[in-house]
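Here is entry_25.cif, consisting of mmCIF, C-alpha atoms (C1' of nucleotides):
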```cif
data_run
#
loop_
_atom_site.label_atom_id
_atom_site.label_comp_id
_atom_site.auth_asym_id
_atom_site.auth_seq_id
_atom_site.Cartn_x
_atom_site.Cartn_y
_atom_site.Cartn_z
CA MET S 14 17.32 -2.52 9.07
CA GLY S 15 20.80 -2.97 10.34
CA VAL S 16 20.45 -4.29 13.82
CA ALA S 17 23.91 -5.75 13.43
CA ASP S 18 25.62 -3.17 11.31
CA GLY S 19 28.54 -2.46 13.59
CA ARG S 20 31.30 -4.95 13.25
CA ASP S 21 31.99 -6.81 16.46
CA GLU S 22 35.72 -7.44 16.41
CA GLU S 23 35.58 -9.78 19.33
CA ALA S 24 32.93 -11.96 17.75
CA ALA S 25 34.60 -11.70 14.36
CA ARG S 26 37.82 -13.10 15.76
CA HIS S 27 36.02 -15.99 17.28
CA PHE S 28 34.14 -16.66 14.11
CA ILE S 29 37.30 -16.61 12.04
CA GLU S 30 38.94 -19.16 14.27
CA GLN S 31 35.88 -21.39 14.14
CA MET S 32 35.63 -21.30 10.40
CA ALA S 33 39.32 -21.80 9.96
CA MET S 34 39.27 -24.94 12.05
CA LEU S 35 36.40 -26.25 9.96
CA PHE S 36 38.50 -25.75 6.87
CA ALA S 37 41.41 -27.38 8.62
CA ASP S 38 39.26 -30.48 9.11
CA TRP S 39 38.62 -30.25 5.42
CA GLY S 40 42.31 -30.71 4.77
CA PHE S 41 43.86 -27.25 4.89
CA PRO S 42 46.96 -26.55 6.96
CA ARG S 43 45.70 -24.65 9.97
CA MET S 44 47.41 -21.34 9.40
CA SER S 45 46.48 -21.36 5.74
CA ALA S 46 42.87 -21.79 6.72
CA ARG S 47 43.13 -18.86 9.13
CA VAL S 48 44.66 -16.64 6.49
CA LEU S 49 42.00 -17.60 4.00
CA ILE S 50 39.14 -16.77 6.33
CA THR S 51 40.82 -13.60 7.54
CA LEU S 52 41.02 -12.36 3.98
CA MET S 53 37.42 -13.21 3.45
CA ALA S 54 36.40 -11.45 6.61
CA ALA S 55 38.29 -8.27 5.78
CA GLU S 56 36.62 -5.10 4.58
CA GLU S 57 39.76 -4.25 2.66
CA ARG S 58 40.24 -5.55 -0.83
CA GLY S 59 43.32 -7.40 0.32
CA LEU S 60 45.82 -7.52 3.14
CA THR S 61 49.60 -7.44 3.39
CA ALA S 62 51.60 -10.15 5.10
CA GLY S 63 52.20 -7.77 7.98
CA GLU S 64 48.53 -7.03 8.47
CA LEU S 65 47.79 -10.73 8.43
CA ALA S 66 50.46 -11.37 11.02
CA ASP S 67 48.97 -8.65 13.19
CA ARG S 68 45.39 -9.78 12.98
CA LEU S 69 46.27 -13.39 13.62
CA ALA S 70 48.89 -12.63 16.24
CA ALA S 71 51.18 -14.96 14.38
CA SER S 72 54.82 -14.75 13.38
CA PRO S 73 55.77 -13.49 9.91
CA ALA S 74 57.19 -16.93 9.26
CA ALA S 75 53.87 -18.61 9.81
CA ILE S 76 52.17 -16.18 7.43
CA SER S 77 54.82 -16.73 4.82
CA GLY S 78 54.30 -20.46 4.83
CA ALA S 79 50.53 -20.22 4.93
CA VAL S 80 50.41 -17.86 1.99
CA ARG S 81 52.76 -19.98 -0.07
CA TYR S 82 50.41 -22.91 0.23
CA LEU S 83 47.36 -20.86 -0.63
CA ALA S 84 49.05 -19.36 -3.67
CA GLN S 85 50.04 -22.81 -4.83
CA VAL S 86 46.48 -24.07 -4.83
CA GLY S 87 45.25 -20.86 -6.41
CA LEU S 88 43.23 -19.58 -3.49
CA VAL S 89 45.18 -16.37 -3.08
CA THR S 90 46.77 -13.89 -5.42
CA ARG S 91 49.74 -11.59 -4.93
CA GLU S 92 49.52 -8.02 -6.05
CA SER S 93 52.58 -5.87 -5.71
CA VAL S 94 51.95 -2.36 -4.48
CA LEU S 95 54.05 0.35 -6.10
CA GLY S 96 56.23 2.31 -3.75
CA SER S 97 56.07 -0.33 -1.07
CA ARG S 98 57.82 -3.57 -0.53
CA SER S 99 54.68 -5.14 0.86
CA ASP S 100 52.66 -7.23 -1.50
CA LEU S 101 48.93 -7.30 -1.13
CA TYR S 102 47.30 -10.69 -0.89
CA LEU S 103 43.82 -11.04 -2.23
CA LEU S 104 41.24 -13.66 -2.99
CA PRO S 105 40.52 -14.38 -6.62
CA ASP S 106 36.92 -13.77 -7.65
CA ASP S 107 36.35 -17.40 -8.36
CA ALA S 108 37.83 -18.63 -5.12
CA TRP S 109 35.17 -21.23 -4.46
CA TYR S 110 35.17 -22.43 -7.96
CA THR S 111 38.94 -22.77 -7.86
CA GLY S 112 38.97 -24.44 -4.50
CA THR S 113 36.46 -27.01 -5.55
CA ALA S 114 38.08 -27.55 -8.89
CA THR S 115 41.33 -28.30 -7.11
CA LYS S 116 39.65 -31.14 -5.30
CA GLN S 117 38.72 -32.54 -8.67
CA ALA S 118 42.33 -33.44 -9.24
CA LEU S 119 42.17 -35.81 -6.30
CA PHE S 120 39.19 -37.51 -7.90
CA ALA S 121 41.11 -38.01 -11.10
CA GLN S 122 43.99 -39.57 -9.19
CA LEU S 123 41.61 -41.88 -7.40
CA ILE S 124 39.92 -42.97 -10.59
CA ALA S 125 43.20 -43.66 -12.33
CA ALA S 126 44.56 -45.63 -9.41
CA THR S 127 41.42 -47.70 -9.09
CA ASP S 128 41.48 -48.55 -12.74
CA LYS S 129 45.07 -49.72 -12.54
CA GLY S 130 44.20 -51.98 -9.64
CA ILE S 131 41.70 -54.14 -11.47
CA GLY S 132 44.37 -56.11 -13.30
CA PRO S 133 46.46 -57.19 -10.32
CA LEU S 134 43.33 -58.23 -8.48
CA GLY S 135 42.57 -60.80 -11.15
CA GLY S 136 40.60 -58.83 -13.68
CA PRO S 137 37.01 -57.60 -13.75
CA GLY S 138 35.68 -61.14 -13.58
CA THR S 139 36.72 -61.59 -9.96
CA LYS S 140 34.78 -60.21 -7.06
CA ALA S 141 37.60 -57.91 -6.09
CA GLY S 142 38.03 -56.68 -9.63
CA ALA S 143 34.32 -56.08 -10.01
CA ARG S 144 34.21 -54.07 -6.78
CA MET S 145 37.07 -51.91 -7.98
CA ALA S 146 35.39 -51.38 -11.31
CA GLU S 147 32.24 -50.25 -9.60
CA MET S 148 34.15 -47.89 -7.41
CA ARG S 149 35.88 -46.44 -10.43
CA ASP S 150 32.56 -45.94 -12.14
CA PHE S 151 31.08 -44.26 -9.10
CA PHE S 152 33.87 -41.76 -8.79
CA ALA S 153 33.98 -41.12 -12.51
CA PHE S 154 30.28 -40.43 -12.40
CA ALA S 155 30.65 -38.16 -9.40
CA GLN S 156 33.49 -36.27 -11.01
CA GLN S 157 31.55 -35.63 -14.15
CA GLU S 158 28.47 -34.54 -12.26
CA MET S 159 30.50 -32.22 -10.08
CA ALA S 160 31.83 -30.49 -13.14
CA GLY S 161 28.28 -29.92 -14.23
CA VAL S 162 27.38 -28.51 -10.85
CA LEU S 163 30.21 -26.00 -11.01
CA GLU S 164 29.13 -24.85 -14.44
CA LYS S 165 25.60 -24.44 -13.23
CA TRP S 166 26.81 -22.29 -10.34
CA GLN S 167 28.80 -20.07 -12.61
CA ALA S 168 25.81 -19.62 -14.82
CA LEU S 169 23.65 -18.66 -11.85
CA ARG S 170 26.03 -16.43 -9.96
CA GLY S 171 29.29 -15.95 -11.71
CA LYS S 172 28.03 -14.38 -14.89
CA PRO S 173 25.38 -11.77 -14.09
CA PRO S 174 27.42 -9.08 -12.26
CA ALA S 175 30.42 -8.39 -14.47
CA ARG S 176 30.53 -4.80 -13.29
CA SER S 177 33.89 -3.24 -14.17
CA MET V 19 39.58 -61.28 -21.57
CA GLY V 20 41.75 -63.22 -19.29
CA VAL V 21 45.22 -61.89 -19.89
CA ALA V 22 45.42 -60.93 -16.25
CA ASP V 23 43.28 -63.55 -14.65
CA GLY V 24 45.78 -64.76 -12.09
CA ARG V 25 45.88 -62.56 -9.07
CA ASP V 26 49.29 -61.04 -8.55
CA GLU V 27 49.64 -60.84 -4.77
CA GLU V 28 52.73 -58.71 -4.95
CA ALA V 29 51.10 -56.13 -7.17
CA ALA V 30 47.87 -56.33 -5.21
CA ARG V 31 49.69 -55.42 -2.02
CA HIS V 32 51.28 -52.46 -3.64
CA PHE V 33 48.01 -51.35 -5.12
CA ILE V 34 46.23 -51.60 -1.79
CA GLU V 35 48.82 -49.43 -0.10
CA GLN V 36 48.62 -46.85 -2.88
CA MET V 37 44.88 -46.62 -2.77
CA ALA V 38 44.81 -46.53 0.98
CA MET V 39 47.16 -43.57 1.07
CA LEU V 40 44.95 -41.78 -1.42
CA PHE V 41 42.02 -42.27 0.89
CA ALA V 42 44.16 -41.13 3.79
CA ASP V 43 44.72 -37.86 1.94
CA TRP V 44 40.99 -37.71 1.67
CA GLY V 45 40.71 -37.64 5.42
CA PHE V 46 40.66 -41.25 6.57
CA PRO V 47 42.92 -42.47 9.34
CA ARG V 48 45.64 -44.43 7.59
CA MET V 49 44.94 -47.86 8.99
CA SER V 50 41.22 -47.45 8.43
CA ALA V 51 41.91 -46.69 4.81
CA ARG V 52 44.06 -49.80 4.52
CA VAL V 53 41.38 -51.98 6.04
CA LEU V 54 38.76 -50.52 3.76
CA ILE V 55 40.76 -51.20 0.62
CA THR V 56 41.81 -54.63 1.81
CA LEU V 57 38.19 -55.59 2.22
CA MET V 58 37.43 -54.28 -1.20
CA ALA V 59 40.32 -56.17 -2.71
CA ALA V 60 39.39 -59.46 -1.10
CA GLU V 61 37.76 -62.31 -2.98
CA GLU V 62 36.06 -63.37 0.21
CA ARG V 63 32.76 -61.87 1.16
CA GLY V 64 34.33 -60.46 4.29
CA LEU V 65 37.36 -60.87 6.52
CA THR V 66 37.94 -61.40 10.22
CA ALA V 67 40.05 -59.11 12.32
CA GLY V 68 42.73 -61.75 12.39
CA GLU V 69 42.84 -62.08 8.63
CA LEU V 70 43.07 -58.34 8.30
CA ALA V 71 45.92 -58.22 10.77
CA ASP V 72 47.70 -60.91 8.79
CA ARG V 73 47.29 -59.34 5.38
CA LEU V 74 48.32 -55.94 6.60
CA ALA V 75 51.07 -57.20 8.87
CA ALA V 76 49.62 -55.01 11.58
CA SER V 77 48.92 -55.60 15.24
CA PRO V 78 45.44 -56.66 16.37
CA ALA V 79 45.26 -53.37 18.21
CA ALA V 80 45.65 -51.36 15.06
CA ILE V 81 42.94 -53.36 13.33
CA SER V 82 40.63 -52.94 16.25
CA GLY V 83 40.94 -49.17 16.14
CA ALA V 84 40.67 -49.00 12.39
CA VAL V 85 37.54 -51.08 12.31
CA ARG V 86 35.89 -49.10 15.05
CA TYR V 87 36.24 -45.94 13.01
CA LEU V 88 34.93 -47.54 9.85
CA ALA V 89 31.93 -48.99 11.66
CA GLN V 90 31.19 -45.59 13.14
CA VAL V 91 30.99 -43.93 9.75
CA GLY V 92 29.03 -46.84 8.34
CA LEU V 93 31.63 -48.11 5.91
CA VAL V 94 31.91 -51.54 7.44
CA THR V 95 29.49 -54.00 8.98
CA ARG V 96 30.05 -56.64 11.60
CA GLU V 97 28.62 -60.07 11.10
CA SER V 98 29.05 -62.61 13.86
CA VAL V 99 29.92 -66.08 12.72
CA LEU V 100 28.24 -68.92 14.61
CA GLY V 101 30.56 -71.31 16.29
CA SER V 102 33.45 -68.87 16.23
CA ARG V 103 34.42 -65.91 18.30
CA SER V 104 35.66 -64.07 15.23
CA ASP V 105 33.33 -61.59 13.68
CA LEU V 106 33.38 -61.11 9.97
CA TYR V 107 33.76 -57.57 8.71
CA LEU V 108 32.16 -56.71 5.43
CA LEU V 109 31.40 -53.76 3.23
CA PRO V 110 27.80 -52.66 2.98
CA ASP V 111 26.40 -52.72 -0.55
CA ASP V 112 25.99 -49.00 -0.61
CA ALA V 113 29.47 -48.24 0.68
CA TRP V 114 30.16 -45.40 -1.72
CA TYR V 115 26.81 -43.87 -1.26
CA THR V 116 27.26 -43.98 2.49
CA GLY V 117 30.76 -42.67 2.40
CA THR V 118 29.81 -39.72 0.30
CA ALA V 119 26.68 -39.03 2.26
CA THR V 120 28.78 -38.87 5.42
CA LYS V 121 30.76 -36.02 3.94
CA GLN V 122 27.52 -34.13 3.52
CA ALA V 123 27.40 -33.53 7.25
CA LEU V 124 30.58 -31.49 7.03
CA PHE V 125 28.95 -29.31 4.40
CA ALA V 126 26.03 -28.63 6.66
CA GLN V 127 28.34 -27.58 9.47
CA LEU V 128 30.18 -25.25 7.16
CA ILE V 129 27.01 -23.67 5.89
CA ALA V 130 25.67 -23.08 9.36
CA ALA V 131 28.92 -21.59 10.61
CA THR V 132 29.20 -19.28 7.63
CA ASP V 133 25.70 -18.04 8.13
CA LYS V 134 26.36 -17.25 11.77
CA GLY V 135 29.39 -15.23 10.80
CA ILE V 136 27.62 -12.66 8.69
CA GLY V 137 26.28 -10.75 11.69
CA PRO V 138 29.55 -10.20 13.54
CA LEU V 139 31.19 -9.06 10.33
CA GLY V 140 28.78 -6.16 10.05
CA GLY V 141 25.86 -7.67 8.19
CA PRO V 142 25.33 -8.54 4.55
CA GLY V 143 25.80 -4.94 3.51
CA THR V 144 29.52 -4.98 4.21
CA LYS V 145 32.06 -6.48 1.87
CA ALA V 146 33.03 -9.12 4.39
CA GLY V 147 29.42 -9.99 5.07
CA ALA V 148 28.64 -10.21 1.40
CA ARG V 149 31.57 -12.53 0.81
CA MET V 150 30.40 -14.79 3.58
CA ALA V 151 26.89 -14.80 2.21
CA GLU V 152 28.15 -15.80 -1.19
CA MET V 153 30.21 -18.57 0.29
CA ARG V 154 27.20 -19.84 2.19
CA ASP V 155 25.15 -19.81 -0.98
CA PHE V 156 27.83 -21.65 -2.90
CA PHE V 157 28.08 -24.45 -0.40
CA ALA V 158 24.35 -24.69 0.03
CA PHE V 159 24.04 -25.01 -3.70
CA ALA V 160 26.78 -27.61 -3.87
CA GLN V 161 25.23 -29.61 -1.08
CA GLN V 162 21.86 -29.71 -2.73
CA GLU V 163 23.30 -30.65 -6.09
CA MET V 164 25.39 -33.39 -4.54
CA ALA V 165 22.28 -34.95 -3.08
CA GLY V 166 20.82 -35.00 -6.56
CA VAL V 167 23.93 -36.64 -7.94
CA LEU V 168 23.75 -39.42 -5.37
CA GLU V 169 20.13 -40.09 -6.22
CA LYS V 170 20.96 -40.22 -9.87
CA TRP V 171 23.68 -42.77 -9.21
CA GLN V 172 21.38 -44.97 -7.23
CA ALA V 173 18.85 -44.86 -10.03
CA LEU V 174 21.50 -45.88 -12.55
CA ARG V 175 23.36 -48.52 -10.63
CA GLY V 176 21.89 -49.19 -7.27
CA LYS V 177 18.54 -50.46 -8.42
CA PRO V 178 19.02 -52.81 -11.40
CA PRO V 179 20.97 -55.75 -9.88
CA ALA V 180 19.07 -56.89 -6.79
CA ARG V 181 20.10 -60.48 -7.31
CA SER V 182 19.67 -62.46 -4.11
"C1'" DC Y 24 76.27 4.22 -0.03
"C1'" DT Y 25 73.94 3.30 4.41
"C1'" DG Y 26 69.97 2.34 7.01
"C1'" DT Y 27 65.52 0.61 7.66
"C1'" DT Y 28 61.51 -1.97 6.66
"C1'" DA Y 29 59.25 -6.08 5.20
"C1'" DC Y 30 59.39 -10.61 3.94
"C1'" DT Y 31 61.67 -15.24 3.57
"C1'" DT Y 32 64.27 -19.16 5.06
"C1'" DC Y 33 66.20 -22.21 8.51
"C1'" DA Y 34 66.74 -24.81 12.87
"C1'" DC Y 35 64.48 -25.94 16.70
"C1'" DG Y 36 60.73 -27.07 20.48
"C1'" DT Y 37 55.99 -28.65 20.99
"C1'" DG Y 38 51.87 -31.13 20.40
"C1'" DT Y 39 49.25 -34.42 17.79
"C1'" DT Y 40 48.68 -38.49 15.29
"C1'" DT Y 41 49.89 -43.58 14.59
"C1'" DG Y 42 50.92 -47.98 15.58
"C1'" DT Y 43 53.05 -51.46 18.93
"C1'" DG Y 44 53.33 -54.58 23.02
"C1'" DA Y 45 51.28 -56.22 27.04
"C1'" DA Y 46 47.44 -57.08 29.95
"C1'" DG Y 47 42.37 -57.91 30.44
"C1'" DC Y 48 37.73 -59.80 28.91
"C1'" DT Y 49 34.72 -62.73 26.77
"C1'" DT Y 50 33.27 -66.77 24.43
"C1'" DC Y 51 33.65 -71.41 22.82
"C1'" DA Y 52 35.85 -76.17 23.66
"C1'" DT Y 53 37.09 -79.86 26.74
"C1'" DA Z 24 35.59 -75.76 35.86
"C1'" DT Z 25 39.59 -74.96 33.14
"C1'" DG Z 26 41.94 -73.72 29.05
"C1'" DA Z 27 42.65 -71.25 25.06
"C1'" DA Z 28 41.70 -68.27 21.10
"C1'" DG Z 29 40.36 -63.73 19.62
"C1'" DC Z 30 39.35 -59.03 20.45
"C1'" DT Z 31 39.74 -54.87 22.93
"C1'" DT Z 32 41.82 -51.49 25.83
"C1'" DC Z 33 45.73 -49.08 27.82
"C1'" DA Z 34 50.28 -46.84 28.16
"C1'" DC Z 35 53.99 -45.78 25.64
"C1'" DA Z 36 57.40 -44.74 21.56
"C1'" DA Z 37 58.24 -43.04 16.96
"C1'" DA Z 38 56.96 -39.92 13.17
"C1'" DC Z 39 55.03 -36.01 11.63
"C1'" DA Z 40 53.07 -31.38 11.22
"C1'" DC Z 41 52.97 -26.82 13.14
"C1'" DG Z 42 54.51 -22.48 14.58
"C1'" DT Z 43 58.25 -19.56 16.79
"C1'" DG Z 44 62.63 -17.01 16.98
"C1'" DA Z 45 66.67 -15.67 14.76
"C1'" DA Z 46 69.37 -14.86 10.87
"C1'" DG Z 47 69.41 -13.67 5.99
"C1'" DT Z 48 67.87 -11.11 1.78
"C1'" DA Z 49 65.76 -7.61 -1.07
"C1'" DA Z 50 63.81 -3.02 -1.89
"C1'" DC Z 51 63.08 1.64 -1.02
"C1'" DA Z 52 64.59 6.22 1.58
"C1'" DG Z 53 67.78 9.51 2.80
#
```

Please go through the file and, once you have read it, give me the structure as structure tokens.
Amino acid sequence: MGVADGRDEEAARHFIEQMAMLFADWGFPRMSARVLITLMAAEERGLTAGELADRLAASPAAISGAVRYLAQVGLVTRESVLGSRSDLYLLPDDAWYTGTATKQALFAQLIAATDKGIGPLGGPGTKAGARMAEMRDFFAFAQQEMAGVLEKWQALRGKPPARS
Amino acid sequence: MGVADGRDEEAARHFIEQMAMLFADWGFPRMSARVLITLMAAEERGLTAGELADRLAASPAAISGAVRYLAQVGLVTRESVLGSRSDLYLLPDDAWYTGTATKQALFAQLIAATDKGIGPLGGPGTKAGARMAEMRDFFAFAQQEMAGVLEKWQALRGKPPARS
DNA sequence: CTGTTACTTCACGTGTTTGTGAAGCTTCAT
DNA sequence: ATGAAGCTTCACAAACACGTGAAGTAACAG
């Protein structure tokens, strides 16, 4: 096959920017999103900060900040290269799992907050209280189900390969 | 029962602001989030724009904008009151279902974009292409599972009540 | 030890998002 | 008709996030 087996740098750039902006809508800082997608779109195993700056035509400062955020939420890993001061940044294998799991924390916050609100609103007997209780239940349900979905995915895709 | 059966306006206010900001993190415009939670926390069946402006100490303009957004994404309904120029804004019964379903559209966009990217990156045979393909599969899987979760919720909670 | 490379941190300029005040419409009351 | 209440729209001001340039710091090379 292989109609499209030469990489089209021009199109790749455009694609990266598109995807990155989609992730930005999803809540990522813009440059972090760009770095994330650039790593994903790289043939290399990982990229250095300098390479990222090059490919994105961005300042080292911007890369630094972007990478810090990504590392914090576990979507990027640092690997120091011997004999060079450049670290290599790479995506963890379970990037999507991690990314989604991170969102789970927000759910937990929401559930906890909702629960605390029922009292001040007059208790579960009031309309307001009842609405809050239902919301809490919905999100608790969703959270639990999501966890199940992630497990299912790992079972389907995450396990089989395991090649060294 | 009834330890907390008087509504504590002070605490309620604080709670509303807290929750609203959580929803804002989730992607809502701030004022829209506040309106949403205020409606949820109200004993009344619905509130007018004026009442919302009062309770939130915000300008009518802000309410107007906030409500427009919420109506657009289906999280609020307008009901005109006879003999008054004020419309009543209320939450649809399936607010959470709707809200979550709305997010599904973003997933679809992401999946489509990812799929389009595989070609420019050199096809599914390349590392980059393979990564994109896996990402597409992950989100497609998640999307499908989420739909199942919503159905399950409706079966559990949505159906039973149906009191007039 | 000195120089160079590569990243990080800091202070600033820019653009976007938010909410306000004022003016304009529309609908009900007189 | 005329008045008035209630939204909505518009133009602007404040707050914030973003990314750049310049200065600082650390690590390897000679």

(request) Dig up all the protein and nucleic acid residues within 9 Å of (31.2, -11.3, 4.3) in the file frame, using all atoms listed in the file, and format them as a list of chain:residue names. (result)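 Using all atoms listed in the file, the matching residues come out as S:Met53, S:Ala54, S:Ala55, S:Glu56, V:Thr132, V:Gly135, V:Ile136, V:Gly137, V:Leu139, V:Gly140, V:Gly141, V:Pro142, V:Gly143, V:Thr144, V:Lys145, V:Ala146, V:Gly147, V:Ala148, V:Arg149, V:Met150, V:Ala151, V:Glu152, V:Met153.
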
(request) Expand the PyMOL selection byres ((chain S) within 12 of (chain Z)) into the individual residues it matches in the shown file, reporting them as a VMD selection string. (result) chain S and resid 41 to 45 70 to 79 95 to 100

(request) Find the distance between atom CA of S:Pro133 and atom CA of V:Ala51 and write it in Å to one decimal. (result) 19.0 Å

Residues of chain Y within 10 Å of chain S, counting all atoms listed in the file, as a short mmCIF file (atom, residue, chain, number, x, y, z; two decimals) with C-alpha atoms (C1' of nucleotides), keeping the file's coordinate frame:
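part.cif, freshly written:
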```cif
data_model
loop_
_atom_site.label_atom_id
_atom_site.label_comp_id
_atom_site.auth_asym_id
_atom_site.auth_seq_id
_atom_site.Cartn_x
_atom_site.Cartn_y
_atom_site.Cartn_z
"C1'" DT Y 28 61.51 -1.97 6.66
"C1'" DA Y 29 59.25 -6.08 5.20
"C1'" DC Y 30 59.39 -10.61 3.94
"C1'" DT Y 31 61.67 -15.24 3.57
"C1'" DT Y 32 64.27 -19.16 5.06
#
```

(message) Report as an NGL selection string all protein, DNA and RNA residues lying within 10 Å of S:Leu88, evaluated on all atoms listed in the file, omitting residues in the same chain fewer than 6 positions from it.
(response) :S and (45 or 49 or 80 or 82 or 103-112 or 115)

(request) Give as number ranges by chain every residue, naming chains and numbers as the document does, that has an atom within 12 Å of (29.4, -33.1, 2.6), counting all atoms listed in the file. (result) S: 39; V: 115-129, 157-165, 168

Could those residues be written to a file, using C-alpha atoms, as an mmCIF file, in the frame of the given file?
```cif
data_model
loop_
_atom_site.group_PDB
_atom_site.id
_atom_site.type_symbol
_atom_site.label_atom_id
_atom_site.label_comp_id
_atom_site.auth_asym_id
_atom_site.auth_seq_id
_atom_site.Cartn_x
_atom_site.Cartn_y
_atom_site.Cartn_z
ATOM 1 C CA TRP S 39 38.620 -30.250 5.420
ATOM 2 C CA TYR V 115 26.810 -43.870 -1.260
ATOM 3 C CA THR V 116 27.260 -43.980 2.490
ATOM 4 C CA GLY V 117 30.760 -42.670 2.400
ATOM 5 C CA THR V 118 29.810 -39.720 0.300
ATOM 6 C CA ALA V 119 26.680 -39.030 2.260
ATOM 7 C CA THR V 120 28.780 -38.870 5.420
ATOM 8 C CA LYS V 121 30.760 -36.020 3.940
ATOM 9 C CA GLN V 122 27.520 -34.130 3.520
ATOM 10 C CA ALA V 123 27.400 -33.530 7.250
ATOM 11 C CA LEU V 124 30.580 -31.490 7.030
ATOM 12 C CA PHE V 125 28.950 -29.310 4.400
ATOM 13 C CA ALA V 126 26.030 -28.630 6.660
ATOM 14 C CA GLN V 127 28.340 -27.580 9.470
ATOM 15 C CA LEU V 128 30.180 -25.250 7.160
ATOM 16 C CA ILE V 129 27.010 -23.670 5.890
ATOM 17 C CA PHE V 157 28.080 -24.450 -0.400
ATOM 18 C CA ALA V 158 24.350 -24.690 0.030
ATOM 19 C CA PHE V 159 24.040 -25.010 -3.700
ATOM 20 C CA ALA V 160 26.780 -27.610 -3.870
ATOM 21 C CA GLN V 161 25.230 -29.610 -1.080
ATOM 22 C CA GLN V 162 21.860 -29.710 -2.730
ATOM 23 C CA GLU V 163 23.300 -30.650 -6.090
ATOM 24 C CA MET V 164 25.390 -33.390 -4.540
ATOM 25 C CA ALA V 165 22.280 -34.950 -3.080
ATOM 26 C CA LEU V 168 23.750 -39.420 -5.370
#
```
